[in-house]
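Structure file final12.txt (compact mmCIF, C-alpha atoms) is printed below.
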# COMPACT_ATOMS: atom_id res chain seq x y z
CA MET A 279 -22.58 -22.71 26.74
CA ASP A 280 -24.66 -19.73 25.58
CA GLU A 281 -21.57 -18.27 23.88
CA GLN A 282 -21.08 -21.49 21.89
CA LYS A 283 -24.73 -21.43 20.85
CA ASN A 284 -24.38 -17.81 19.76
CA GLU A 285 -21.28 -18.65 17.76
CA SER A 286 -22.95 -21.56 16.02
CA LYS A 287 -26.01 -19.39 15.28
CA ASN A 288 -23.76 -16.75 13.71
CA GLY A 289 -22.12 -19.35 11.49
CA ALA A 290 -18.72 -19.11 13.21
CA SER A 291 -16.62 -22.21 13.58
CA LYS A 292 -15.17 -23.37 16.90
CA ASN A 293 -11.86 -21.55 16.26
CA GLU A 294 -13.51 -18.30 15.23
CA THR A 295 -14.43 -15.67 17.76
CA VAL A 296 -16.97 -12.93 17.95
CA GLU A 297 -15.34 -9.77 16.55
CA SER A 298 -16.21 -7.70 19.60
CA LYS A 299 -13.80 -9.79 21.70
CA TYR A 300 -10.86 -8.46 19.70
CA ILE A 301 -11.86 -4.84 19.19
CA GLN A 302 -8.34 -3.51 19.81
CA GLN A 303 -6.82 -5.83 17.21
CA HIS A 304 -9.47 -4.93 14.64
CA LEU A 305 -9.00 -1.21 15.26
CA ALA A 306 -5.22 -1.61 14.91
CA ASN A 307 -5.78 -3.50 11.65
CA GLU A 308 -7.94 -0.63 10.36
CA ARG A 309 -5.33 1.97 11.36
CA THR A 310 -2.65 -0.02 9.54
CA TYR A 311 -4.86 -0.24 6.46
CA LEU A 312 -5.44 3.52 6.48
CA ALA A 313 -1.68 4.11 6.85
CA TRP A 314 -1.08 1.99 3.72
CA ILE A 315 -3.75 3.98 1.88
CA ARG A 316 -2.02 7.23 2.86
CA THR A 317 1.27 5.77 1.61
CA ALA A 318 -0.34 4.84 -1.71
CA ILE A 319 -1.74 8.35 -2.11
CA ALA A 320 1.73 9.78 -1.40
CA ILE A 321 3.27 7.49 -4.04
CA ILE A 322 0.68 8.61 -6.61
CA GLY A 323 1.23 12.23 -5.59
CA LEU A 324 4.99 11.93 -6.16
CA GLY A 325 4.35 10.88 -9.74
CA PHE A 326 2.09 13.83 -10.38
CA LEU A 327 4.58 16.13 -8.67
CA ALA A 328 7.36 14.97 -10.99
CA THR A 329 5.19 15.60 -14.05
CA THR A 330 4.00 19.00 -12.82
CA LEU A 331 7.51 20.16 -11.99
CA HIS A 332 8.76 18.92 -15.35
CA PHE A 333 6.19 20.74 -17.41
CA ASN A 334 6.65 23.94 -15.40
CA THR A 335 10.37 24.13 -16.21
CA PRO A 336 11.72 25.61 -19.46
CA LEU A 337 13.69 22.47 -20.37
CA HIS A 338 11.50 20.41 -22.68
CA GLN A 339 12.74 17.66 -24.94
CA PHE A 340 11.02 14.53 -26.11
CA MET A 341 13.14 12.27 -23.91
CA ASP A 342 12.51 14.50 -20.90
CA ASN A 343 8.76 14.38 -21.56
CA ALA A 344 8.78 10.61 -21.97
CA LEU A 345 10.77 10.10 -18.76
CA ALA A 346 8.49 12.42 -16.76
CA MET A 347 5.38 10.68 -18.09
CA PHE A 348 6.90 7.27 -17.33
CA ILE A 349 7.61 8.30 -13.73
CA SER A 350 4.06 9.59 -13.38
CA GLY A 351 2.47 6.44 -14.86
CA PHE A 352 4.78 4.16 -12.90
CA SER A 353 3.94 5.92 -9.62
CA LEU A 354 0.23 5.72 -10.43
CA MET A 355 0.40 1.98 -11.12
CA LEU A 356 2.47 1.31 -7.98
CA GLY A 357 0.07 3.38 -5.89
CA LEU A 358 -2.94 1.48 -7.22
CA LEU A 359 -1.17 -1.84 -6.66
CA THR A 360 -0.38 -0.74 -3.10
CA ILE A 361 -4.06 0.00 -2.49
CA ALA A 362 -5.04 -3.44 -3.84
CA LEU A 363 -2.43 -5.24 -1.73
CA ALA A 364 -3.30 -3.21 1.38
CA THR A 365 -6.94 -4.19 0.97
CA HIS A 366 -5.98 -7.84 0.56
CA VAL A 367 -3.76 -7.74 3.66
CA TYR A 368 -6.50 -5.97 5.65
CA PHE A 369 -9.06 -8.70 4.94
CA ARG A 370 -6.48 -11.45 5.50
CA ASN A 371 -5.54 -9.96 8.88
CA ARG A 372 -9.21 -9.55 9.79
CA LYS A 373 -9.76 -13.24 9.17
CA MET A 374 -6.59 -14.16 11.07
CA ILE A 375 -7.67 -12.07 14.07
CA ASN A 376 -11.01 -13.88 14.15
CA THR A 377 -9.40 -17.32 13.83
CA GLN A 378 -6.64 -16.43 16.32
CA GLU A 379 -3.82 -17.09 13.87
CA PHE A 380 -0.92 -14.89 12.86
CA HIS A 381 1.26 -14.71 9.78
CA SER A 382 3.59 -11.78 9.32
CA SER A 383 3.30 -9.47 6.31
CA PHE A 384 6.89 -10.11 5.24
CA LYS A 385 6.12 -10.12 1.49
CA PHE A 386 4.17 -6.88 1.69
CA VAL A 387 6.99 -5.14 3.55
CA VAL A 388 9.54 -6.35 0.98
CA TYR A 389 7.23 -5.16 -1.83
CA MET A 390 6.86 -1.68 -0.33
CA THR A 391 10.62 -1.39 0.23
CA ALA A 392 11.21 -2.30 -3.43
CA VAL A 393 8.55 0.20 -4.56
CA ILE A 394 10.07 3.10 -2.67
CA PHE A 395 13.55 2.13 -3.86
CA MET A 396 12.40 1.99 -7.51
CA ILE A 397 10.74 5.39 -7.27
CA LEU A 398 13.86 6.91 -5.72
CA VAL A 399 16.03 5.40 -8.46
CA LEU A 400 13.70 6.80 -11.15
CA PHE A 401 13.83 10.25 -9.58
CA MET A 402 17.64 10.09 -9.40
CA VAL A 403 17.89 9.04 -13.06
CA TYR A 404 15.53 11.84 -14.04
CA TYR A 405 17.41 14.40 -11.96
CA PHE A 406 20.84 13.41 -13.31
CA TYR A 407 19.46 13.33 -16.85
CA LEU A 408 18.21 16.90 -16.46
CA MET A 409 21.49 18.03 -14.88
CA ALA A 410 23.51 16.51 -17.73
CA GLY A 411 21.34 18.37 -20.26
CA THR A 412 21.94 21.81 -18.75

Take the structure from the file and write it as structure tokens.
Amino acid sequence: MDEQKNESKNGASKNETVESKYIQQHLANERTYLAWIRTAIAIIGLGFLATTLHFNTPLHQFMDNALAMFISGFSLMLGLLTIALATHVYFRNRKMINTQEFHSSFKFVVYMTAVIFMILVLFMVYYFYLMAGT
């Protein structure tokens, strides 16, 4: 009875729980969020790596420069989008933990698979373009 009074005082509905009851789930949610942030930083870093390696090689042509800059910008945008989506999923999962619901992150997993695939394709195109030019 006291727990119900505490929940109603805190503004929680009947289906919501006090966050301390699900500490493990909330900590797992935070670890997952931080893993997505690390992934986003790695994606952004790959773009900068491609640009740095390009401009440190003696082969410079306009098309090469444009392709390297595109890869860098594309990686930056995908990394920022990953951070935004990871933040959205974190808060959605936080709410679902408190309301004792679950919906899988199927769309987010498909998105990240497509992102990594697109970056790998861009790197392959860039690599084969440089190899054809030499």

Open item on the list: Calculated over only C-alpha atoms, which of the candidates A:Phe369, A:Tyr300, A:Phe352, A:Phe380 has the smallest distance to A:Leu324?
Closed with: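 Once distances to A:Leu324 are computed over only C-alpha atoms, the minimum belongs to A:Phe352.
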
- [ ] Tell me, as a list in words, which residues lie within 12 Å of A:Thr317, counting all atoms listed in the file; anything in the same chain fewer than 5 positions away does not count.
- [x] Thr310, Tyr311, Leu312, Ile322, Gly323, Leu324, Ser353, Leu356, Gly357, Leu358, Leu359, Thr360, Ile361, Ala364, Met390, Thr391, Val393 and Ile394 of chain A

TODO: Can you work out the spacing between atom CA of A:Leu408 and atom CA of A:Phe348 in Å, to one decimal?
DONE: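 Interatomic distance, atom CA of A:Leu408 to atom CA of A:Phe348: 14.9 Å.
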
Task: Residue with smallest distance to A:Thr377 - pool A:Ile349, A:Lys299, A:Gly325, A:Ala318, counting all atoms listed in the file - done: A:Lys299

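Atom CA of A:Val388 to atom CA of A:Arg309 spans 20.0 Å [interatomic distance, one decimal].
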
Task: Of the listed residues A:Trp314, A:Phe386, A:Tyr407, A:Phe401, that which approaches A:Thr329 most closely, counting only C-alpha atoms - done: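 Closest to A:Thr329 of all the choices is A:Phe401.
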
Open item on the list: Considering all atoms listed in the file, can you say which of A:Val403, A:Leu354, A:Met409, A:Leu363 comes closest to A:Tyr389?
Closed with: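 Of all the options, A:Leu363 lies closest to A:Tyr389.
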
- [ ] For atom CA of A:Leu327 and atom CA of A:Val367, determine how far apart the two atoms are, in Å to one decimal place.
- [x] 28.1 Å

Could you put an axis-aligned box around every listed atom of stretch 394-407 of chain A, padded by 5 Å on each side, and send me its centre and edge lengths in Å to one decimal, as lines of an AutoDock Vina configuration file?
center_x = 15.5
center_y = 8.2
center_z = -9.8
size_x = 20.8
size_y = 22.4
size_z = 24.2

Task: Best match for closeness to A:Phe406 among A:Leu345, A:Met374, A:Ile301, A:Val387, counting all atoms listed in the file - done: A:Leu345

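Nearest to A:Ile319 of all the residues A:Met355, A:Leu305, A:Ala410, A:Ile375 is A:Met355, based on all atoms listed in the file.
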
- [ ] Can you pull out every residue within 8 Å of A:Arg372, counting all atoms listed in the file, but drop anything in the same chain fewer than 4 positions away, and send it as a ChimeraX atom specification?
- [x] /A:304,307,368,376
